[in-house]
$ cat run02.csv   # CSV, C-alpha atoms
chain,number,residue,atom,x,y,z
A,1,MET,CA,-26.8,-11.2,-5.3
A,2,PRO,CA,-27.7,-10.4,-1.7
A,3,ASN,CA,-24.1,-11.2,-0.5
A,4,LEU,CA,-22.6,-8.6,-2.9
A,5,ASP,CA,-25.0,-5.9,-1.7
A,6,LEU,CA,-24.3,-6.9,1.9
A,7,ALA,CA,-20.6,-6.7,1.4
A,8,LEU,CA,-20.8,-3.3,-0.2
A,9,LYS,CA,-23.1,-2.2,2.6
A,10,SER,CA,-20.7,-3.4,5.3
A,11,ALA,CA,-17.8,-1.7,3.4
A,12,MET,CA,-19.8,1.6,3.6
A,13,SER,CA,-20.3,1.1,7.3
A,14,ILE,CA,-16.5,1.3,7.9
A,15,ASP,CA,-15.8,4.6,9.6
A,16,GLY,CA,-15.1,7.4,7.2
A,17,ALA,CA,-16.1,5.4,4.1
A,18,ILE,CA,-16.8,7.6,1.0
A,19,GLY,CA,-17.4,4.9,-1.6
A,20,ALA,CA,-16.9,1.2,-2.3
A,21,ALA,CA,-17.0,-0.9,-5.4
A,22,LEU,CA,-16.5,-4.5,-6.5
A,23,VAL,CA,-14.6,-4.5,-9.8
A,24,ASP,CA,-13.6,-7.0,-12.4
A,25,TYR,CA,-10.1,-6.2,-13.4
A,26,ASN,CA,-10.3,-8.2,-16.7
A,27,SER,CA,-12.7,-5.6,-18.0
A,28,GLY,CA,-12.6,-2.7,-15.6
A,29,MET,CA,-16.3,-2.9,-15.1
A,30,THR,CA,-18.0,-2.8,-11.7
A,31,LEU,CA,-20.2,-5.6,-10.3
A,32,GLY,CA,-21.6,-3.2,-7.8
A,33,VAL,CA,-21.0,0.2,-6.3
A,34,ALA,CA,-22.0,1.9,-3.0
A,35,GLY,CA,-21.6,5.4,-1.9
A,36,GLY,CA,-19.7,7.9,-3.9
A,37,THR,CA,-20.6,11.6,-4.2
A,38,GLY,CA,-21.7,13.8,-7.0
A,39,GLU,CA,-18.1,14.6,-8.0
A,40,ILE,CA,-16.8,11.0,-7.5
A,41,ASP,CA,-18.0,8.6,-10.2
A,42,LEU,CA,-17.1,5.1,-8.9
A,43,THR,CA,-17.2,3.5,-12.3
A,44,VAL,CA,-14.5,5.9,-13.4
A,45,ALA,CA,-12.5,5.1,-10.3
A,46,ALA,CA,-13.0,1.4,-11.0
A,47,ALA,CA,-11.8,1.6,-14.6
A,48,GLY,CA,-8.7,3.7,-13.6
A,49,ASN,CA,-7.7,1.5,-10.7
A,50,THR,CA,-8.0,-1.6,-12.9
A,51,ASP,CA,-4.9,-0.3,-14.6
A,52,VAL,CA,-3.2,0.1,-11.2
A,53,VAL,CA,-3.9,-3.5,-10.3
A,54,ARG,CA,-2.9,-4.8,-13.7
A,55,ALA,CA,0.4,-2.9,-13.6
A,56,LYS,CA,1.2,-4.3,-10.2
A,57,LEU,CA,0.3,-7.8,-11.2
A,58,ARG,CA,2.5,-7.5,-14.2
A,59,THR,CA,5.4,-6.2,-12.2
A,60,ILE,CA,5.2,-9.1,-9.7
A,61,GLU,CA,5.2,-11.5,-12.7
A,62,MET,CA,8.2,-9.7,-14.3
A,63,LEU,CA,10.1,-9.9,-11.0
A,64,ASN,CA,9.4,-13.6,-10.7
A,65,LEU,CA,8.2,-13.1,-7.2
A,66,ASN,CA,5.6,-15.9,-7.4
A,67,ASP,CA,3.4,-14.0,-5.0
A,68,GLU,CA,0.1,-12.2,-5.0
A,69,ILE,CA,-1.3,-8.8,-3.9
A,70,GLU,CA,-2.9,-8.8,-0.5
A,71,ASP,CA,-3.9,-5.2,-0.7
A,72,ILE,CA,-2.8,-1.9,-2.2
A,73,LEU,CA,-2.9,1.4,-0.2
A,74,ILE,CA,-3.0,4.7,-2.0
A,75,THR,CA,-2.6,7.7,0.3
A,76,LEU,CA,-4.0,11.0,-1.0
A,77,GLY,CA,-4.0,14.4,0.8
A,78,THR,CA,-7.4,13.9,2.3
A,79,GLN,CA,-8.3,10.2,1.5
A,80,TYR,CA,-7.1,6.7,1.7
A,81,HIS,CA,-7.9,4.4,-1.2
A,82,LEU,CA,-7.7,0.6,-0.5
A,83,ILE,CA,-7.7,-2.1,-3.1
A,84,ARG,CA,-8.0,-5.7,-2.1
A,85,PRO,CA,-8.2,-8.5,-4.6
A,86,VAL,CA,-10.7,-11.1,-3.8
A,87,THR,CA,-9.0,-14.4,-3.0
A,88,SER,CA,-11.9,-16.9,-3.1
A,89,ARG,CA,-12.1,-19.2,-6.1
A,90,THR,CA,-15.4,-17.7,-7.3
A,91,GLY,CA,-14.2,-14.2,-6.9
A,92,LYS,CA,-11.0,-14.7,-9.0
A,93,GLY,CA,-10.3,-11.6,-11.2
A,94,LEU,CA,-12.2,-9.2,-8.9
A,95,PHE,CA,-11.1,-6.6,-6.4
A,96,LEU,CA,-12.7,-4.6,-3.7
A,97,TYR,CA,-12.2,-0.9,-3.8
A,98,LEU,CA,-12.7,1.4,-0.8
A,99,MET,CA,-12.3,5.1,-0.5
A,100,VAL,CA,-12.2,6.5,3.1
A,101,SER,CA,-11.7,10.0,4.4
A,102,LYS,CA,-8.3,10.4,6.0
A,103,SER,CA,-9.5,12.6,8.8
A,104,ARG,CA,-12.5,10.4,9.8
A,105,ALA,CA,-11.1,6.9,9.3
A,106,ASN,CA,-8.8,4.6,11.3
A,107,LEU,CA,-6.6,3.1,8.6
A,108,ALA,CA,-5.7,-0.1,10.5
A,109,MET,CA,-9.3,-0.7,11.4
A,110,ALA,CA,-10.5,0.0,7.8
A,111,ARG,CA,-8.0,-2.4,6.4
A,112,HIS,CA,-8.9,-5.1,8.9
A,113,GLN,CA,-12.6,-4.7,8.2
A,114,LEU,CA,-12.1,-4.8,4.5
A,115,ARG,CA,-10.2,-8.0,4.9
A,116,SER,CA,-13.0,-9.7,6.8
A,117,ILE,CA,-15.5,-8.4,4.2
A,118,GLU,CA,-13.4,-9.9,1.4
A,119,GLU,CA,-13.1,-13.2,3.2
A,120,SER,CA,-16.8,-13.5,3.8
A,121,LEU,CA,-17.7,-12.5,0.2
A,122,GLU,CA,-19.4,-15.3,-1.7
A,123,LEU,CA,-20.5,-14.8,-5.3
B,1,MET,CA,-30.6,-36.4,-54.2
B,2,SER,CA,-34.0,-35.5,-52.8
B,3,GLY,CA,-33.1,-34.2,-49.4
B,4,ILE,CA,-36.6,-33.3,-48.3
B,5,ASP,CA,-38.9,-36.1,-47.0
B,6,ASP,CA,-42.5,-35.2,-47.4
B,7,THR,CA,-43.7,-37.3,-44.6
B,8,GLU,CA,-41.7,-35.4,-42.0
B,9,THR,CA,-43.6,-32.8,-40.0
B,10,PRO,CA,-42.8,-29.4,-41.3
B,11,LEU,CA,-40.7,-27.1,-39.1
B,12,PRO,CA,-42.6,-24.3,-37.5
B,13,ARG,CA,-42.4,-21.2,-39.6
B,14,ARG,CA,-43.0,-17.6,-38.8
B,15,THR,CA,-45.7,-16.0,-40.8
B,16,ALA,CA,-45.0,-12.6,-42.3
B,17,ARG,CA,-46.4,-9.8,-40.4
B,18,THR,CA,-47.6,-6.8,-42.2
B,19,GLY,CA,-48.0,-3.2,-41.1
B,20,THR,CA,-45.5,-3.5,-38.2
B,21,LEU,CA,-42.5,-2.3,-40.0
B,22,PRO,CA,-41.6,1.3,-40.0
B,23,PRO,CA,-41.7,3.0,-43.4
B,24,PRO,CA,-38.4,3.1,-45.2
B,25,ARG,CA,-36.3,6.1,-44.4
B,26,PRO,CA,-35.1,8.5,-47.1
B,27,LEU,CA,-31.4,8.4,-46.7
B,28,PRO,CA,-29.1,11.4,-47.2
B,29,PRO,CA,-26.0,10.9,-49.5
B,30,SER,CA,-23.3,8.7,-48.1
B,31,LEU,CA,-20.6,10.3,-46.1
B,32,ALA,CA,-18.0,7.9,-47.6
B,33,GLY,CA,-15.9,9.6,-50.2
B,34,ASN,CA,-17.1,13.1,-49.1
B,35,THR,CA,-14.0,15.2,-49.8
B,36,SER,CA,-15.2,18.2,-47.7
B,37,LEU,CA,-15.0,16.3,-44.4
B,38,PRO,CA,-12.3,17.6,-41.9
B,39,TYR,CA,-10.1,14.5,-42.2
B,40,PRO,CA,-7.1,15.8,-40.2
B,41,ALA,CA,-9.4,16.7,-37.2
B,42,ILE,CA,-11.2,13.3,-37.5
B,43,GLY,CA,-7.8,11.5,-37.7
B,44,GLN,CA,-6.7,13.3,-34.6
B,45,GLU,CA,-9.7,12.2,-32.6
B,46,LEU,CA,-9.2,8.6,-33.7
B,47,SER,CA,-5.6,8.5,-32.8
B,48,GLU,CA,-6.3,10.1,-29.5
B,49,LEU,CA,-8.6,7.2,-28.6
B,50,ARG,CA,-6.0,4.7,-29.7
B,51,LEU,CA,-3.3,6.4,-27.6
B,52,GLN,CA,-5.5,6.9,-24.5
B,53,ILE,CA,-6.5,3.3,-24.1
B,54,PRO,CA,-3.7,0.7,-24.3
B,55,GLY,CA,-4.7,-2.4,-26.3
B,56,VAL,CA,-6.7,-0.5,-28.9
B,57,HIS,CA,-5.5,-1.7,-32.3
B,58,GLY,CA,-7.3,1.0,-34.3
B,59,CYS,CA,-10.5,2.7,-35.0
B,60,VAL,CA,-12.7,2.8,-38.1
B,61,LEU,CA,-15.2,5.5,-38.9
B,62,GLY,CA,-17.9,4.2,-41.2
B,63,GLY,CA,-21.3,5.2,-42.5
B,64,VAL,CA,-24.5,3.4,-41.4
B,65,ASP,CA,-24.5,2.3,-45.1
B,66,GLY,CA,-21.4,0.2,-44.4
B,67,LEU,CA,-19.0,2.3,-46.4
B,68,LEU,CA,-15.6,3.3,-45.0
B,69,ILE,CA,-15.1,7.0,-44.2
B,70,THR,CA,-11.7,6.9,-42.6
B,71,HIS,CA,-9.6,4.7,-40.2
B,72,ASN,CA,-6.4,4.4,-38.3
B,73,LEU,CA,-5.9,0.6,-38.2
B,74,GLN,CA,-2.4,-0.6,-38.3
B,75,THR,CA,-3.1,-4.3,-38.5
B,76,ASP,CA,-3.7,-6.2,-41.7
B,77,VAL,CA,-7.4,-6.2,-41.1
B,78,ASP,CA,-9.3,-4.7,-44.1
B,79,PRO,CA,-10.9,-1.5,-42.8
B,80,ASN,CA,-13.6,-1.8,-45.5
B,81,ASP,CA,-14.6,-5.1,-43.9
B,82,LEU,CA,-14.8,-3.5,-40.5
B,83,ALA,CA,-16.9,-0.6,-41.7
B,84,ALA,CA,-19.3,-3.2,-43.2
B,85,LEU,CA,-19.3,-5.3,-40.0
B,86,ALA,CA,-20.0,-2.1,-37.9
B,87,ALA,CA,-23.1,-1.4,-40.1
B,88,THR,CA,-24.2,-5.0,-39.7
B,89,THR,CA,-24.0,-4.7,-35.9
B,90,PHE,CA,-25.8,-1.4,-36.1
B,91,GLY,CA,-28.6,-3.0,-38.1
B,92,LEU,CA,-29.1,-5.6,-35.4
B,93,GLY,CA,-29.0,-3.0,-32.7
B,94,ARG,CA,-31.5,-0.8,-34.5
B,95,GLN,CA,-33.9,-3.7,-35.0
B,96,VAL,CA,-33.7,-4.6,-31.3
B,97,GLY,CA,-34.3,-0.9,-30.4
B,98,LEU,CA,-37.3,-0.8,-32.7
B,99,ARG,CA,-38.8,-4.1,-31.5
B,100,LEU,CA,-38.4,-3.4,-27.8
B,101,GLY,CA,-39.1,0.3,-28.1
B,102,GLN,CA,-35.7,1.2,-26.6
B,103,GLY,CA,-34.9,4.0,-28.9
B,104,ASP,CA,-31.8,4.6,-31.0
B,105,PHE,CA,-28.8,2.4,-31.2
B,106,GLN,CA,-25.9,3.5,-29.0
B,107,GLN,CA,-23.3,0.8,-28.5
B,108,SER,CA,-22.6,-2.8,-29.2
B,109,THR,CA,-19.6,-4.9,-28.1
B,110,VAL,CA,-18.5,-8.3,-29.4
B,111,ARG,CA,-16.0,-10.2,-27.3
B,112,ASN,CA,-14.2,-13.1,-28.8
B,113,ALA,CA,-11.4,-15.3,-27.3
B,114,GLY,CA,-8.7,-13.0,-28.7
B,115,GLY,CA,-10.2,-9.5,-28.6
B,116,TYR,CA,-13.1,-7.0,-28.8
B,117,LEU,CA,-15.0,-5.1,-31.5
B,118,SER,CA,-17.0,-2.3,-30.1
B,119,VAL,CA,-19.3,-0.2,-32.3
B,120,TYR,CA,-20.6,3.2,-31.1
B,121,ALA,CA,-23.2,5.4,-32.8
B,122,VAL,CA,-21.6,8.7,-33.8
B,123,SER,CA,-24.7,10.2,-35.5
B,124,SER,CA,-27.7,9.0,-37.4
B,125,GLN,CA,-25.3,8.6,-40.3
B,126,ALA,CA,-22.0,7.4,-38.9
B,127,LEU,CA,-20.6,4.7,-36.7
B,128,LEU,CA,-17.3,4.3,-34.8
B,129,ALA,CA,-15.8,0.8,-34.6
B,130,VAL,CA,-12.9,0.1,-32.2
B,131,VAL,CA,-10.8,-3.0,-32.4
B,132,GLY,CA,-9.0,-4.0,-29.2
B,133,GLU,CA,-7.0,-6.9,-27.9
B,134,ASP,CA,-8.5,-9.2,-25.2
B,135,SER,CA,-6.5,-7.5,-22.3
B,136,ILE,CA,-8.1,-4.1,-23.1
B,137,ASN,CA,-9.7,-2.2,-20.2
B,138,VAL,CA,-13.2,-2.2,-21.8
B,139,ALA,CA,-14.8,-0.1,-19.1
B,140,ARG,CA,-12.3,2.7,-19.9
B,141,LEU,CA,-13.1,2.3,-23.5
B,142,HIS,CA,-16.8,2.7,-22.7
B,143,LEU,CA,-16.0,5.8,-20.7
B,144,HIS,CA,-13.9,7.5,-23.4
B,145,ALA,CA,-15.4,6.4,-26.7
B,146,PRO,CA,-18.8,8.0,-26.4
B,147,ALA,CA,-17.1,11.4,-25.8
B,148,VAL,CA,-15.0,10.8,-28.9
B,149,ALA,CA,-18.1,9.8,-30.9
B,150,GLY,CA,-19.8,13.0,-29.7
B,151,ARG,CA,-16.9,15.2,-31.0
B,152,LEU,CA,-16.8,13.2,-34.2
B,153,ALA,CA,-20.5,13.9,-34.6
B,154,GLY,CA,-19.8,17.6,-34.3
B,155,LEU,CA,-17.0,17.4,-36.9
B,156,LEU,CA,-19.3,15.5,-39.3
B,157,ASN,CA,-22.3,17.8,-38.8
B,158,GLN,CA,-20.2,20.8,-39.8
B,159,VAL,CA,-20.0,19.6,-43.4
B,160,THR,CA,-23.1,17.5,-43.9
B,161,PRO,CA,-25.3,20.3,-45.2
B,162,ALA,CA,-22.6,21.3,-47.7
B,163,GLY,CA,-22.2,17.8,-48.9
B,164,HIS,CA,-26.0,17.4,-49.3
B,165,GLY,CA,-26.2,18.7,-52.8
B,166,SER,CA,-23.6,16.3,-54.2

$ encode --input "run02.csv" --output "structure tokens"
Amino acid sequence: MPNLDLALKSAMSIDGAIGAALVDYNSGMTLGVAGGTGEIDLTVAAAGNTDVVRAKLRTIEMLNLNDEIEDILITLGTQYHLIRPVTSRTGKGLFLYLMVSKSRANLAMARHQLRSIEESLEL
Amino acid sequence: MSGIDDTETPLPRRTARTGTLPPPRPLPPSLAGNTSLPYPAIGQELSELRLQIPGVHGCVLGGVDGLLITHNLQTDVDPNDLAALAATTFGLGRQVGLRLGQGDFQQSTVRNAGGYLSVYAVSSQALLAVVGEDSINVARLHLHAPAVAGRLAGLLNQVTPAGHGS
């Protein structure tokens, strides 16, 4: 899957990127990971954030909003975590997960770049 | 009704291989029914797993012999059946491990349209089977269950020497 590797590689080239993953939120398992550190296990992050995405999807459904998630931003003390569900037909049920350092990243730029990566992702 | 037609070409058959099977293992006495096991502590580990992961219907601790040790299922599934199914899954996994030289059985997951059955190796004698609905976060299960299996192995090992003489 060269496109998956390429997408994760481009996600890691975003300024301040710490780790990136493509995750299936039906199972919580990762299709691919890049980056991460000794302390940060991206498969754990993927499984945990699967519950975040599922909870939000369920909430949207319960509110009858008839809408979908474009992205989710989680702001920590030192990091931003970006979650972006894949919109293409072949990528249904997947989301891109990106961790960036708050001090080194430009949030607007990171979000913009993650969107273009998601749009060009073909599986 | 003679169903077999002699003129048909016979189906290819595997010939028996000799000398490739490992020697039969001498098995210790079954853990099932052992009254010296720390059942409250085991039950706590099983219920913790069920609480930690939404969508888990229950867990079954069974021996590799297919006999039930204990369970916390609250559905109408027979836990004895599940203990036997876990041992069946283990048998397949063990054969795959032997044939491919991949070592001991660790984990096997069956996914059906309506849910999952995951079987984890606890020790050389015991298996942990987890039943979950289809919406379960199976990656989280795979992260948590091996740790639970490790703690269960510790609990079982404490008493195995004592139960040996029975």

$ closest_atom_pairs --input "run02.csv" --of "chain A" --to "chain B" --cutoff "6 Å" --atoms "all atoms listed in the file" --output "tab-separated table"
residue	atom	partner	partner_atom	distance
A:Ser27	CA	B:Asn137	CA	5.0
A:Gly28	CA	B:Ala139	CA	4.9
A:Met29	CA	B:Ala139	CA	5.1
A:Ala47	CA	B:Arg140	CA	5.4

$ atom_distance --input "run02.csv" --atom1 "atom CA of Ala113 of chain B" --atom2 "atom CA of Glu70 of chain A"
28.9 Å

$ closest_residue --input "run02.csv" --among "A:Lys92, A:Arg84, A:Lys56, A:Lys9" --to "Glu118 of chain A" --atoms "only C-alpha atoms"
A:Arg84

$ atom_distance --input "run02.csv" --atom1 "atom CA of Pro146 of chain B" --atom2 "atom CA of Leu61 of chain B"
13.2 Å

$ atom_distance --input "run02.csv" --atom1 "atom CA of His57 of chain B" --atom2 "atom CA of Asn72 of chain B"
8.6 Å

$ residues_around --input "run02.csv" --residues "Gln113 of chain A" --least-positions-apart "6" --cutoff "10 Å" --atoms "all atoms listed in the file" --output "ChimeraX atom specification"
/A:10-11,13-15,107,119

$ closest_residue --input "run02.csv" --among "A:Ala7, A:Leu65, A:Leu31, A:Ile18" --to "Arg115 of chain A" --atoms "only C-alpha atoms"
A:Ala7

$ residues_around --input "run02.csv" --residues "Ile69 of chain B" --least-positions-apart "5" --cutoff "9 Å" --atoms "all atoms listed in the file" --output "PyMOL selection string"
chain B and resi 31-34+60-63+83+126

$ residues_around --input "run02.csv" --residues "Ala153 of chain B" --least-positions-apart "3" --cutoff "10 Å" --atoms "only C-alpha atoms" --output "VMD selection string"
chain B and resid 42 121 to 127 147 to 150 156 to 158

$ decode --input "run02.csv" --residues "segment 30-42 of chain B" --atoms "all heavy atoms" --output "PDB file, in the first residue's frame"
ATOM      1  N   SER B  30      -6.442 -31.894  35.663  1.00  0.00           N
ATOM      2  CA  SER B  30      -7.222 -30.758  35.180  1.00  0.00           C
ATOM      3  C   SER B  30      -7.402 -29.713  36.266  1.00  0.00           C
ATOM      4  O   SER B  30      -7.548 -30.027  37.444  1.00  0.00           O
ATOM      5  CB  SER B  30      -8.585 -31.259  34.721  1.00  0.00           C
ATOM      6  OG  SER B  30      -9.365 -30.168  34.310  1.00  0.00           O
ATOM      7  N   LEU B  31      -7.404 -28.448  35.833  1.00  0.00           N
ATOM      8  CA  LEU B  31      -7.653 -27.360  36.779  1.00  0.00           C
ATOM      9  C   LEU B  31      -9.130 -27.255  37.125  1.00  0.00           C
ATOM     10  O   LEU B  31      -9.501 -26.682  38.141  1.00  0.00           O
ATOM     11  CB  LEU B  31      -7.185 -26.031  36.179  1.00  0.00           C
ATOM     12  CG  LEU B  31      -5.677 -25.789  36.133  1.00  0.00           C
ATOM     13  CD1 LEU B  31      -5.377 -24.588  35.250  1.00  0.00           C
ATOM     14  CD2 LEU B  31      -5.129 -25.555  37.526  1.00  0.00           C
ATOM     15  N   ALA B  32      -9.972 -27.810  36.242  1.00  0.00           N
ATOM     16  CA  ALA B  32     -11.407 -27.709  36.483  1.00  0.00           C
ATOM     17  C   ALA B  32     -11.774 -28.456  37.754  1.00  0.00           C
ATOM     18  O   ALA B  32     -11.331 -29.575  37.984  1.00  0.00           O
ATOM     19  CB  ALA B  32     -12.162 -28.290  35.300  1.00  0.00           C
ATOM     20  N   GLY B  33     -12.569 -27.807  38.595  1.00  0.00           N
ATOM     21  CA  GLY B  33     -13.020 -28.457  39.811  1.00  0.00           C
ATOM     22  C   GLY B  33     -12.013 -28.425  40.943  1.00  0.00           C
ATOM     23  O   GLY B  33     -12.268 -28.976  42.009  1.00  0.00           O
ATOM     24  N   ASN B  34     -10.857 -27.777  40.702  1.00  0.00           N
ATOM     25  CA  ASN B  34      -9.857 -27.658  41.759  1.00  0.00           C
ATOM     26  C   ASN B  34     -10.350 -26.648  42.790  1.00  0.00           C
ATOM     27  O   ASN B  34     -10.501 -25.468  42.508  1.00  0.00           O
ATOM     28  CB  ASN B  34      -8.536 -27.199  41.139  1.00  0.00           C
ATOM     29  CG  ASN B  34      -7.392 -27.220  42.127  1.00  0.00           C
ATOM     30  OD1 ASN B  34      -7.605 -27.153  43.332  1.00  0.00           O
ATOM     31  ND2 ASN B  34      -6.178 -27.312  41.598  1.00  0.00           N
ATOM     32  N   THR B  35     -10.614 -27.112  44.003  1.00  0.00           N
ATOM     33  CA  THR B  35     -11.224 -26.217  45.002  1.00  0.00           C
ATOM     34  C   THR B  35     -10.206 -25.278  45.638  1.00  0.00           C
ATOM     35  O   THR B  35     -10.592 -24.332  46.317  1.00  0.00           O
ATOM     36  CB  THR B  35     -11.885 -27.049  46.128  1.00  0.00           C
ATOM     37  OG1 THR B  35     -10.964 -28.045  46.540  1.00  0.00           O
ATOM     38  CG2 THR B  35     -13.164 -27.696  45.629  1.00  0.00           C
ATOM     39  N   SER B  36      -8.914 -25.521  45.413  1.00  0.00           N
ATOM     40  CA  SER B  36      -7.923 -24.658  46.063  1.00  0.00           C
ATOM     41  C   SER B  36      -7.592 -23.413  45.243  1.00  0.00           C
ATOM     42  O   SER B  36      -6.755 -22.617  45.648  1.00  0.00           O
ATOM     43  CB  SER B  36      -6.653 -25.461  46.326  1.00  0.00           C
ATOM     44  OG  SER B  36      -6.132 -25.933  45.104  1.00  0.00           O
ATOM     45  N   LEU B  37      -8.240 -23.235  44.075  1.00  0.00           N
ATOM     46  CA  LEU B  37      -7.972 -22.052  43.258  1.00  0.00           C
ATOM     47  C   LEU B  37      -8.535 -20.802  43.937  1.00  0.00           C
ATOM     48  O   LEU B  37      -9.569 -20.860  44.601  1.00  0.00           O
ATOM     49  CB  LEU B  37      -8.629 -22.199  41.873  1.00  0.00           C
ATOM     50  CG  LEU B  37      -8.042 -23.236  40.933  1.00  0.00           C
ATOM     51  CD1 LEU B  37      -8.869 -23.287  39.650  1.00  0.00           C
ATOM     52  CD2 LEU B  37      -6.607 -22.923  40.599  1.00  0.00           C
ATOM     53  N   PRO B  38      -7.862 -19.647  43.780  1.00  0.00           N
ATOM     54  CA  PRO B  38      -8.366 -18.409  44.397  1.00  0.00           C
ATOM     55  C   PRO B  38      -9.524 -17.823  43.571  1.00  0.00           C
ATOM     56  O   PRO B  38      -9.348 -16.837  42.849  1.00  0.00           O
ATOM     57  CB  PRO B  38      -7.137 -17.495  44.380  1.00  0.00           C
ATOM     58  CG  PRO B  38      -6.315 -17.976  43.240  1.00  0.00           C
ATOM     59  CD  PRO B  38      -6.574 -19.443  43.088  1.00  0.00           C
ATOM     60  N   TYR B  39     -10.697 -18.407  43.682  1.00  0.00           N
ATOM     61  CA  TYR B  39     -11.829 -18.014  42.831  1.00  0.00           C
ATOM     62  C   TYR B  39     -12.232 -16.545  42.965  1.00  0.00           C
ATOM     63  O   TYR B  39     -12.539 -15.908  41.960  1.00  0.00           O
ATOM     64  CB  TYR B  39     -13.029 -18.934  43.077  1.00  0.00           C
ATOM     65  CG  TYR B  39     -12.849 -20.298  42.470  1.00  0.00           C
ATOM     66  CD1 TYR B  39     -12.556 -21.393  43.251  1.00  0.00           C
ATOM     67  CD2 TYR B  39     -12.933 -20.464  41.089  1.00  0.00           C
ATOM     68  CE1 TYR B  39     -12.361 -22.645  42.688  1.00  0.00           C
ATOM     69  CE2 TYR B  39     -12.732 -21.709  40.523  1.00  0.00           C
ATOM     70  CZ  TYR B  39     -12.439 -22.806  41.329  1.00  0.00           C
ATOM     71  OH  TYR B  39     -12.237 -24.026  40.765  1.00  0.00           O
ATOM     72  N   PRO B  40     -12.244 -15.957  44.208  1.00  0.00           N
ATOM     73  CA  PRO B  40     -12.626 -14.536  44.280  1.00  0.00           C
ATOM     74  C   PRO B  40     -11.677 -13.633  43.484  1.00  0.00           C
ATOM     75  O   PRO B  40     -12.122 -12.737  42.767  1.00  0.00           O
ATOM     76  CB  PRO B  40     -12.569 -14.239  45.777  1.00  0.00           C
ATOM     77  CG  PRO B  40     -12.698 -15.554  46.451  1.00  0.00           C
ATOM     78  CD  PRO B  40     -12.062 -16.545  45.538  1.00  0.00           C
ATOM     79  N   ALA B  41     -10.369 -13.896  43.600  1.00  0.00           N
ATOM     80  CA  ALA B  41      -9.394 -13.070  42.878  1.00  0.00           C
ATOM     81  C   ALA B  41      -9.535 -13.267  41.372  1.00  0.00           C
ATOM     82  O   ALA B  41      -9.455 -12.311  40.595  1.00  0.00           O
ATOM     83  CB  ALA B  41      -7.985 -13.433  43.335  1.00  0.00           C
ATOM     84  N   ILE B  42      -9.785 -14.511  40.937  1.00  0.00           N
ATOM     85  CA  ILE B  42      -9.972 -14.787  39.512  1.00  0.00           C
ATOM     86  C   ILE B  42     -11.221 -14.069  39.015  1.00  0.00           C
ATOM     87  O   ILE B  42     -11.214 -13.412  37.970  1.00  0.00           O
ATOM     88  CB  ILE B  42     -10.079 -16.315  39.268  1.00  0.00           C
ATOM     89  CG1 ILE B  42      -8.741 -16.995  39.543  1.00  0.00           C
ATOM     90  CG2 ILE B  42     -10.517 -16.589  37.837  1.00  0.00           C
ATOM     91  CD1 ILE B  42      -8.792 -18.509  39.506  1.00  0.00           C
TER      92      ILE B  42
END
